[in-house]
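target_30.tsv, holding TSV, C-alpha atoms:
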```
chain	number	residue	atom	x	y	z
P	1	GLY	CA	90.98	86.62	82.23
P	2	GLY	CA	91.61	86.66	78.51
P	3	GLY	CA	94.08	88.97	76.91
P	4	GLY	CA	97.16	88.28	79.06
P	5	GLY	CA	99.59	91.01	80.00
P	6	GLY	CA	100.51	92.45	76.59
P	7	GLY	CA	99.30	95.97	77.37
P	8	GLY	CA	101.70	96.83	80.14
P	9	SER	CA	105.15	96.11	78.78
P	10	SER	CA	107.06	97.66	75.93
P	11	ARG	CA	109.41	95.85	73.56
P	12	ASP	CA	112.96	96.90	72.79
P	13	ARG	CA	113.24	97.54	69.10
P	14	GLY	CA	116.85	98.64	69.00
P	15	GLY	CA	116.20	102.38	69.15
P	16	ALA	CA	112.59	102.43	67.93
P	17	PRO	CA	110.06	104.10	70.24
P	18	GLN	CA	108.71	102.05	73.14
P	19	VAL	CA	105.00	102.28	73.87
P	20	ILE	CA	104.16	102.11	77.58
P	21	PHE	CA	100.68	101.91	79.10
P	22	ASN	CA	100.05	103.12	82.66
P	23	ILE	CA	96.87	102.96	84.74
P	24	ARG	CA	95.96	105.26	87.61
P	25	ASP	CA	95.34	103.26	90.79
P	26	ARG	CA	91.98	104.41	92.12
P	27	GLU	CA	92.84	103.65	95.74
P	28	PHE	CA	96.22	105.39	96.12
P	29	ASP	CA	95.77	107.84	93.18
P	30	VAL	CA	99.16	106.98	91.69
P	31	GLU	CA	100.09	105.64	88.27
P	32	HIS	CA	101.70	102.26	87.76
P	33	ARG	CA	102.51	100.09	84.76
P	34	LEU	CA	99.48	98.29	83.30
P	35	GLU	CA	100.46	94.64	83.57
P	36	ASP	CA	97.22	92.90	82.67
P	37	VAL	CA	93.94	94.00	81.11
P	38	SER	CA	92.10	92.60	84.14
P	39	GLU	CA	93.48	95.58	86.11
P	40	ILE	CA	91.24	97.91	84.10
P	41	TYR	CA	88.04	98.97	85.85
P	42	THR	CA	85.02	101.04	84.83
P	43	GLY	CA	86.08	104.67	84.43
P	44	ALA	CA	89.80	103.85	84.52
P	45	LYS	CA	92.23	106.30	82.96
P	46	ILE	CA	94.88	104.68	80.77
P	47	CYS	CA	97.94	106.80	79.95
P	48	VAL	CA	100.03	106.05	76.88
P	49	ALA	CA	103.69	107.10	76.85
P	50	VAL	CA	106.10	106.83	73.94
P	51	ARG	CA	109.79	106.57	74.77
P	52	GLY	CA	112.29	106.75	71.96
P	53	ASP	CA	114.73	108.91	70.09
P	54	SER	CA	113.49	112.48	70.53
P	55	LYS	CA	115.89	113.67	67.80
P	56	ALA	CA	113.77	112.08	65.09
P	57	GLY	CA	111.57	115.17	64.94
P	58	PRO	CA	108.40	115.58	62.84
P	59	ALA	CA	108.35	113.73	59.56
P	60	ALA	CA	106.05	113.73	56.57
P	61	GLY	CA	103.27	111.23	56.97
P	62	GLY	CA	103.89	110.92	60.72
P	63	GLY	CA	100.26	111.74	61.43
P	64	GLY	CA	101.16	114.85	63.49
P	65	THR	CA	102.79	112.74	66.22
P	66	GLY	CA	106.32	114.04	65.64
P	67	LEU	CA	107.41	110.48	64.72
P	68	PRO	CA	108.52	109.11	61.35
P	69	GLN	CA	105.74	107.27	59.53
P	70	ALA	CA	107.17	103.78	60.25
P	71	GLU	CA	107.39	104.53	63.96
P	72	SER	CA	103.94	106.10	63.96
P	73	GLU	CA	102.64	102.84	62.53
P	74	VAL	CA	104.30	100.94	65.39
P	75	LEU	CA	102.41	103.08	67.89
P	76	LYS	CA	99.16	102.57	66.01
P	77	LYS	CA	99.65	98.78	66.02
P	78	GLU	CA	100.37	98.75	69.77
P	79	LEU	CA	97.15	100.68	70.46
P	80	GLU	CA	95.13	98.41	68.20
P	81	GLU	CA	96.55	95.35	69.97
P	82	VAL	CA	95.48	96.64	73.40
P	83	LYS	CA	92.04	97.51	72.00
P	84	ARG	CA	91.73	93.95	70.62
P	85	LYS	CA	92.74	92.38	73.95
P	86	LEU	CA	90.18	94.50	75.82
P	87	ALA	CA	87.47	93.48	73.36
P	88	GLU	CA	88.38	89.80	73.88
P	89	PHE	CA	88.31	90.25	77.64
P	90	GLU	CA	84.88	91.94	77.57
P	91	ASP	CA	83.56	89.24	75.23
P	92	SER	CA	84.72	86.41	77.50
P	93	LYS	CA	83.17	88.23	80.48
P	94	ARG	CA	79.84	88.54	78.65
P	95	ARG	CA	79.92	84.85	77.71
P	96	HIS	CA	80.46	83.94	81.34
P	97	HIS	CA	77.46	86.06	82.38
P	98	ASP	CA	75.29	84.30	79.80
P	99	GLU	CA	76.27	80.72	80.73
P	100	PRO	CA	73.30	78.70	82.10
P	101	GLY	CA	73.51	78.44	85.87
P	102	SER	CA	76.19	81.11	86.16
P	103	LYS	CA	76.23	82.62	89.64
P	104	ARG	CA	76.93	86.01	88.11
P	105	LYS	CA	73.81	85.98	85.90
P	106	ARG	CA	71.12	88.27	87.32
P	107	SER	CA	67.77	89.56	86.25
P	108	ASP	CA	67.43	93.04	84.75
P	109	GLY	CA	65.76	94.25	87.92
P	110	ARG	CA	68.58	92.99	90.11
P	111	ARG	CA	71.15	94.49	87.72
P	112	ALA	CA	69.50	97.89	88.04
P	113	GLU	CA	69.32	97.50	91.80
P	114	ASP	CA	73.01	96.58	92.06
P	115	GLY	CA	74.27	98.90	89.33
P	116	HIS	CA	76.31	100.91	91.82
P	117	GLU	CA	78.20	97.73	92.75
P	118	SER	CA	79.55	97.13	89.26
P	119	LYS	CA	80.88	100.68	89.11
P	120	ARG	CA	83.00	100.06	92.18
P	121	THR	CA	84.50	96.72	91.17
P	122	ARG	CA	87.24	96.04	88.67
P	123	ILE	CA	86.49	94.11	85.52
P	124	GLY	CA	86.24	90.43	86.39
P	125	GLU	CA	86.34	91.05	90.17
P	126	GLY	CA	82.65	91.13	91.17
P	127	ASP	CA	81.98	90.23	94.79
P	128	GLU	CA	79.77	87.26	93.88
P	129	LYS	CA	82.39	85.62	91.67
P	130	ASP	CA	85.52	86.56	93.56
P	131	PRO	CA	85.03	87.01	97.31
P	132	ALA	CA	88.76	86.41	97.83
P	133	ARG	CA	89.46	90.02	98.80
P	134	HIS	CA	86.94	89.89	101.64
P	135	ASP	CA	87.98	86.37	102.63
P	136	GLU	CA	91.62	87.46	102.80
P	137	ALA	CA	90.74	90.32	105.13
P	138	HIS	CA	88.70	88.05	107.43
P	139	GLN	CA	91.36	85.33	107.44
P	140	GLU	CA	93.92	87.82	108.74
P	141	ASP	CA	91.92	88.08	111.98
P	142	ASP	CA	92.83	84.49	112.88
P	143	ARG	CA	96.07	83.93	111.00
P	144	LYS	CA	99.21	83.28	113.03
P	145	TYR	CA	102.48	84.95	112.04
P	146	SER	CA	106.02	84.30	113.16
P	147	LEU	CA	107.91	87.54	112.51
P	148	GLU	CA	110.06	87.71	115.61
P	149	GLY	CA	113.83	87.95	115.76
P	150	GLU	CA	116.45	90.04	114.00
P	151	PHE	CA	116.32	88.72	110.45
P	152	ILE	CA	113.30	90.48	108.94
P	153	VAL	CA	113.05	92.33	105.63
P	154	ARG	CA	110.37	94.60	104.21
P	155	MET	CA	109.39	94.30	100.55
P	156	ARG	CA	107.90	97.13	98.51
P	157	GLY	CA	106.47	97.12	94.97
P	158	LEU	CA	104.88	93.66	95.18
P	159	PRO	CA	102.38	92.84	92.41
P	160	TRP	CA	98.76	93.32	93.49
P	161	SER	CA	98.13	89.60	92.81
P	162	VAL	CA	101.03	88.40	94.98
P	163	LYS	CA	100.63	85.23	97.09
P	164	ASP	CA	102.84	83.62	99.73
P	165	ARG	CA	104.14	81.13	97.19
P	166	ASP	CA	105.34	83.98	94.92
P	167	ILE	CA	107.46	85.32	97.79
P	168	GLU	CA	108.73	81.82	98.56
P	169	ASP	CA	109.78	81.47	94.91
P	170	PHE	CA	111.45	84.90	94.96
P	171	PHE	CA	113.55	83.84	97.98
P	172	SER	CA	113.80	80.20	96.85
P	173	ALA	CA	117.46	79.77	97.84
P	174	MET	CA	116.84	81.06	101.37
P	175	GLU	CA	115.23	79.55	104.46
P	176	ILE	CA	112.09	81.45	105.48
P	177	LYS	CA	110.63	80.92	108.95
P	178	LYS	CA	107.41	78.91	109.21
P	179	ASP	CA	104.54	81.46	109.10
P	180	GLY	CA	107.21	84.07	108.39
P	181	ILE	CA	105.51	85.81	105.44
P	182	LEU	CA	103.20	88.79	105.89
P	183	ILE	CA	101.48	90.40	102.89
P	184	GLU	CA	100.13	93.76	104.05
P	185	LEU	CA	96.46	94.61	103.51
P	186	ASN	CA	94.74	97.95	104.07
P	187	LEU	CA	91.48	98.39	105.98
P	188	GLN	CA	89.48	97.51	102.84
P	189	GLY	CA	91.29	94.16	102.56
P	190	ARG	CA	93.29	95.22	99.50
P	191	LYS	CA	96.99	94.52	99.14
P	192	THR	CA	99.20	97.57	99.61
P	193	GLY	CA	102.16	96.30	97.59
P	194	GLU	CA	104.22	95.81	100.76
P	195	GLY	CA	105.17	92.72	102.75
P	196	TYR	CA	107.47	91.38	105.47
P	197	VAL	CA	109.54	88.18	105.54
P	198	ALA	CA	111.39	86.58	108.48
P	199	PHE	CA	114.43	84.38	107.81
P	200	GLU	CA	115.95	81.65	109.94
P	201	ASN	CA	119.52	82.93	109.94
P	202	GLU	CA	121.73	85.93	109.20
P	203	LYS	CA	123.24	84.40	106.06
P	204	ASP	CA	119.86	84.06	104.34
P	205	TYR	CA	118.80	87.49	105.63
P	206	GLU	CA	121.88	89.11	104.04
P	207	ALA	CA	121.26	87.18	100.80
P	208	ALA	CA	117.65	88.43	100.78
P	209	LEU	CA	118.78	92.06	101.02
P	210	LYS	CA	120.93	91.54	97.93
P	211	LYS	CA	117.78	90.80	95.92
P	212	HIS	CA	116.84	94.49	96.15
P	213	ARG	CA	115.30	95.64	92.84
P	214	GLU	CA	115.22	92.16	91.33
P	215	HIS	CA	112.08	91.27	89.35
P	216	MET	CA	109.02	89.36	90.49
P	217	GLY	CA	107.21	88.80	87.22
P	218	SER	CA	107.38	92.07	85.28
P	219	ARG	CA	107.84	94.30	88.36
P	220	TYR	CA	111.01	94.98	90.30
P	221	VAL	CA	110.74	94.61	94.06
P	222	GLU	CA	112.59	96.66	96.65
P	223	VAL	CA	113.95	94.86	99.73
P	224	PHE	CA	114.87	96.74	102.93
P	225	GLU	CA	115.97	95.95	106.47
P	226	SER	CA	113.07	95.84	108.92
P	227	SER	CA	112.28	94.74	112.48
P	228	SER	CA	109.83	92.61	114.45
P	229	THR	CA	108.35	95.80	115.95
P	230	GLU	CA	107.55	97.25	112.53
P	231	ALA	CA	105.99	93.97	111.36
P	232	ALA	CA	104.01	93.59	114.62
P	233	ALA	CA	102.50	97.07	114.17
P	234	VAL	CA	101.31	96.13	110.67
P	235	ILE	CA	99.80	92.84	111.93
P	236	ALA	CA	97.97	94.66	114.74
P	237	ARG	CA	96.58	97.22	112.30
P	238	MET	CA	95.42	94.51	109.89
P	239	GLN	CA	93.73	92.57	112.69
P	240	GLY	CA	92.06	95.67	114.13
P	241	LYS	CA	93.95	95.44	117.43
P	242	GLY	CA	96.15	98.52	117.23
P	243	THR	CA	96.58	101.97	115.80
P	244	ILE	CA	96.20	102.37	112.04
P	245	HIS	CA	99.26	104.64	112.08
P	246	LYS	CA	102.89	103.51	111.89
P	247	SER	CA	104.97	104.51	114.89
P	248	THR	CA	108.32	103.64	116.43
P	249	GLY	CA	106.85	103.71	119.92
P	250	ALA	CA	104.63	105.45	122.44
P	251	VAL	CA	104.69	109.25	122.68
P	252	ASN	CA	107.13	110.83	125.16
P	253	LYS	CA	105.32	113.71	126.88
P	254	ASP	CA	108.60	115.63	127.22
P	255	SER	CA	109.47	115.55	123.50
P	256	PHE	CA	110.02	118.51	121.22
P	257	VAL	CA	107.93	117.84	118.11
P	258	VAL	CA	107.93	118.79	114.43
P	259	ARG	CA	105.29	118.00	111.82
P	260	LEU	CA	106.20	116.93	108.28
P	261	ARG	CA	103.89	117.58	105.33
P	262	GLY	CA	104.25	116.27	101.79
P	263	VAL	CA	105.75	112.92	102.82
P	264	PRO	CA	105.70	110.47	99.85
P	265	TYR	CA	102.97	107.86	100.25
P	266	SER	CA	105.58	105.13	99.77
P	267	ALA	CA	107.86	106.44	102.54
P	268	ASP	CA	108.51	104.32	105.62
P	269	LEU	CA	109.89	105.01	109.10
P	270	ARG	CA	113.47	104.38	108.01
P	271	GLU	CA	113.32	106.90	105.17
P	272	ILE	CA	112.03	109.56	107.56
P	273	GLU	CA	114.78	108.62	110.04
P	274	THR	CA	117.37	109.13	107.29
P	275	PHE	CA	115.83	112.45	106.24
P	276	MET	CA	115.87	113.73	109.86
P	277	GLU	CA	119.23	112.17	110.77
P	278	ARG	CA	121.00	115.43	111.60
P	279	ALA	CA	118.26	116.25	114.15
P	280	HIS	CA	118.66	112.89	115.99
P	281	PRO	CA	115.00	111.74	115.92
P	282	GLU	CA	113.81	109.86	119.00
P	283	GLY	CA	110.33	108.93	117.76
P	284	ILE	CA	108.65	108.87	114.36
P	285	HIS	CA	104.93	108.61	113.59
P	286	LEU	CA	103.53	108.16	110.06
P	287	ILE	CA	99.92	109.33	109.98
P	288	TYR	CA	97.24	107.42	108.04
P	289	ASP	CA	93.67	108.51	107.33
P	290	HIS	CA	90.63	106.61	108.63
P	291	THR	CA	90.60	104.35	105.55
P	292	GLY	CA	94.15	103.18	106.23
P	293	ARG	CA	95.78	105.20	103.44
P	294	PRO	CA	98.91	107.33	103.94
P	295	SER	CA	97.99	110.96	104.57
P	296	GLY	CA	101.34	112.48	103.54
P	297	GLU	CA	101.83	113.70	107.10
P	298	ALA	CA	104.27	112.58	109.80
P	299	PHE	CA	105.42	113.73	113.24
P	300	VAL	CA	108.95	113.46	114.62
P	301	GLU	CA	109.89	113.63	118.30
P	302	LEU	CA	113.22	115.23	119.25
P	303	GLY	CA	115.06	115.15	122.56
P	304	THR	CA	116.10	118.82	122.79
P	305	GLU	CA	115.06	122.24	121.57
P	306	LYS	CA	118.36	122.43	119.64
P	307	ASP	CA	117.45	119.25	117.74
P	308	GLN	CA	114.03	120.72	117.00
P	309	ARG	CA	115.71	123.78	115.45
P	310	ARG	CA	117.92	121.48	113.37
P	311	ALA	CA	114.81	119.68	112.14
P	312	LEU	CA	113.13	122.96	111.18
P	313	GLU	CA	116.16	123.80	109.02
P	314	LEU	CA	115.13	120.88	106.79
P	315	HIS	CA	112.01	122.78	105.69
P	316	ARG	CA	111.52	122.31	101.91
P	317	LYS	CA	114.49	119.95	101.61
P	318	ASN	CA	114.00	116.92	99.38
P	319	MET	CA	113.11	113.38	100.39
P	320	GLY	CA	113.74	111.55	97.13
P	321	SER	CA	112.16	113.69	94.42
P	322	ARG	CA	109.71	115.54	96.71
P	323	TYR	CA	110.34	118.49	98.98
P	324	ILE	CA	109.10	118.18	102.55
P	325	GLU	CA	107.61	120.98	104.62
P	326	VAL	CA	108.65	120.96	108.29
P	327	PHE	CA	106.71	122.89	110.94
P	328	GLU	CA	107.04	123.35	114.69
P	329	SER	CA	104.42	121.26	116.51
P	330	SER	CA	103.62	119.89	119.98
P	331	VAL	CA	102.93	116.67	121.86
P	332	SER	CA	99.21	117.54	122.02
P	333	ASP	CA	99.07	118.02	118.23
P	334	LEU	CA	100.81	114.67	117.78
P	335	GLU	CA	98.41	112.87	120.14
P	336	ARG	CA	95.42	114.42	118.37
P	337	ALA	CA	96.74	113.20	115.01
P	338	LEU	CA	97.32	109.70	116.38
P	339	SER	CA	93.77	109.56	117.74
P	340	ARG	CA	92.27	110.39	114.33
P	341	GLY	CA	91.18	107.39	112.30
P	342	ASN	CA	91.59	104.93	115.17
P	343	ARG	CA	87.95	103.86	115.22
P	344	ARG	CA	89.05	100.23	115.23
P	345	SER	CA	91.61	100.79	117.97
P	346	SER	CA	91.44	101.45	121.66
P	347	GLY	CA	94.85	103.12	121.88
P	348	GLY	CA	97.10	105.83	120.53
P	349	GLY	CA	100.56	105.51	118.97
P	350	GLY	CA	101.87	101.98	118.37
P	351	GLY	CA	103.77	100.01	120.98
P	352	GLY	CA	107.37	98.99	121.17
P	353	ALA	CA	110.56	100.52	122.43
P	354	ARG	CA	111.83	103.83	121.12
P	355	GLY	CA	114.07	103.60	118.09
P	356	SER	CA	113.08	99.97	117.53
P	357	TRP	CA	112.67	100.46	113.76
P	358	SER	CA	116.45	100.13	113.59
P	359	SER	CA	118.23	96.75	113.58
```
Starting from the file, give its structure as structure tokens.
Amino acid sequence: GGGGGGGGSSRDRGGAPQVIFNIRDREFDVEHRLEDVSEIYTGAKICVAVRGDSKAGPAAGGGGTGLPQAESEVLKKELEEVKRKLAEFEDSKRRHHDEPGSKRKRSDGRRAEDGHESKRTRIGEGDEKDPARHDEAHQEDDRKYSLEGEFIVRMRGLPWSVKDRDIEDFFSAMEIKKDGILIELNLQGRKTGEGYVAFENEKDYEAALKKHREHMGSRYVEVFESSSTEAAAVIARMQGKGTIHKSTGAVNKDSFVVRLRGVPYSADLREIETFMERAHPEGIHLIYDHTGRPSGEAFVELGTEKDQRRALELHRKNMGSRYIEVFESSVSDLERALSRGNRRSSGGGGGGARGSWSS
């Protein structure tokens, strides 16, 4: 689409304020940097942040912004530039609609009939023009993956437009297994920003982990250790063959259980393992809702009552920047939670051996 990615990044002006534009993701209800105007959809909320020297204070002519006049003008120009790019983008979209023979051109009656559709699609991503999202979801049903072995990493923070070739370029100096790239999709066929990559040898695997927080385009990507079990659970969920939840294994009926509430949506099994380390977790289950989105809830299985008490002592301790609530629970509560949302699955908690999220 027209307009490029000028809205999402700020320029370093040697101490002058930086203007940053964020957009709230309508699926996960979190804010992320606006990288391209094509990410904007009908009803989107765009947040503008100014980062700079807070000691400047209010100045005459600053327009009430608390910035000196020259810096206030910089902000004004940035906003005008984004407005211009959006206008160009809308104009090019209208021109495309009006082209003779355009597949997107519809009669007024059909427009009225399908009006609800346009409200649910992002600018430039109508189903008639771009069925890629649905095609991607259907292709996953038949796609073959090769994510076995020890040398698997998980990536987080991938751009929403990421393709296999982008990941190949990111790890260009390393040997990736054939069919060893998995880009995770949710139940609606949308990319989650996470992916898995299998490498041929330990040397390349170790080199891949060192690329943690390096940039792919304008976004930095996190790279973590993973396992074939974790990747297999994601594949099964995407292909509708397993639980939508993420688990380290089947439920042990003799476990002592605690429930976690307030888990960050970006958290994975390893982060919960680290948080609960002092309680020696034997099984971890991240609960998703029926749409495939993280619910903020997790269950942890412990081997003894003493370990359960240790886990309960972590109530309101922080995981990253968020505090986590920890409550006493039971195996029956855990099984009920795992059965929720599994309309596409015939089973409960995911397969695999206990503790298999670890290398």
Need to verify the contact set: region 148-165 of chain P, 8 Å, all atoms listed in the file, exclusion of same-chain residues closer than 2 positions in sequence. Can you return it as a count of residues only?
33
Distance query His280 (chain P) at most 8 Å, all atoms listed in the file, self and fewer than 2 positions along chain excluded, as a PDB file with C-alpha atoms, in the frame of the given file:
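Writing the result to part30.pdb gives the following:
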```pdb
ATOM      1  CA  MET P 276     115.870 113.730 109.860  1.00  0.00           C
ATOM      2  CA  GLU P 277     119.230 112.170 110.770  1.00  0.00           C
ATOM      3  CA  ARG P 278     121.000 115.430 111.600  1.00  0.00           C
ATOM      4  CA  GLU P 282     113.810 109.860 119.000  1.00  0.00           C
ATOM      5  CA  LEU P 302     113.220 115.230 119.250  1.00  0.00           C
ATOM      6  CA  GLY P 303     115.060 115.150 122.560  1.00  0.00           C
ATOM      7  CA  ASP P 307     117.450 119.250 117.740  1.00  0.00           C
TER       8      ASP P 307
END
```
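Relative to CA of Arg259 (chain P), CA of Arg310 (chain P) is found at 13.2 Å.
Interatomic distance, CA of Phe170 (chain P) against CA of Lys203 (chain P): 16.2 Å.
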Just the residues within 7 Å of Glu301 (chain P), please, counting all atoms listed in the file, with nothing from its chain fewer than 2 positions along; format it as a PyMOL selection string.
chain P and resi 255-258+281-284+299+303
For CA of Arg322 (chain P) and CA of Asp289 (chain P), quote the distance in Å rounded to one decimal.
20.5 Å
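Considering all atoms listed in the file, the residue among P:Arg190, P:Gln239, P:Glu184, P:Phe171 positioned nearest to His212 (chain P) is P:Phe171.
Using all atoms listed in the file, the nearest neighbour of Arg336 (chain P) within the list P:Arg33, P:Ala311, P:Val251, P:Lys77 is P:Val251.
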List as number ranges by chain the protein and nucleic acid residues near Gly262 (chain P), meaning an atom at most 9 Å away when all atoms listed in the file are counted, but skip any in the same chain fewer than 5 places from it.
P: 295-298, 322-325
For a quick check of understanding, using only C-alpha atoms, which of P:Ala279, P:Ile287, P:Val48, P:Leu147 has the smallest distance to Glu313 (chain P)?
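Closest residue, counting only C-alpha atoms: P:Ala279.
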Nearest to Lys144 (chain P), chosen from P:Glu214, P:Ser332, P:Glu31, P:Ala232, with only C-alpha atoms counted in the distances
P:Ala232
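Using only C-alpha atoms, the nearest neighbour of Leu286 (chain P) within the list P:Arg213, P:Arg24, P:Lys246, P:Lys253 is P:Lys246.
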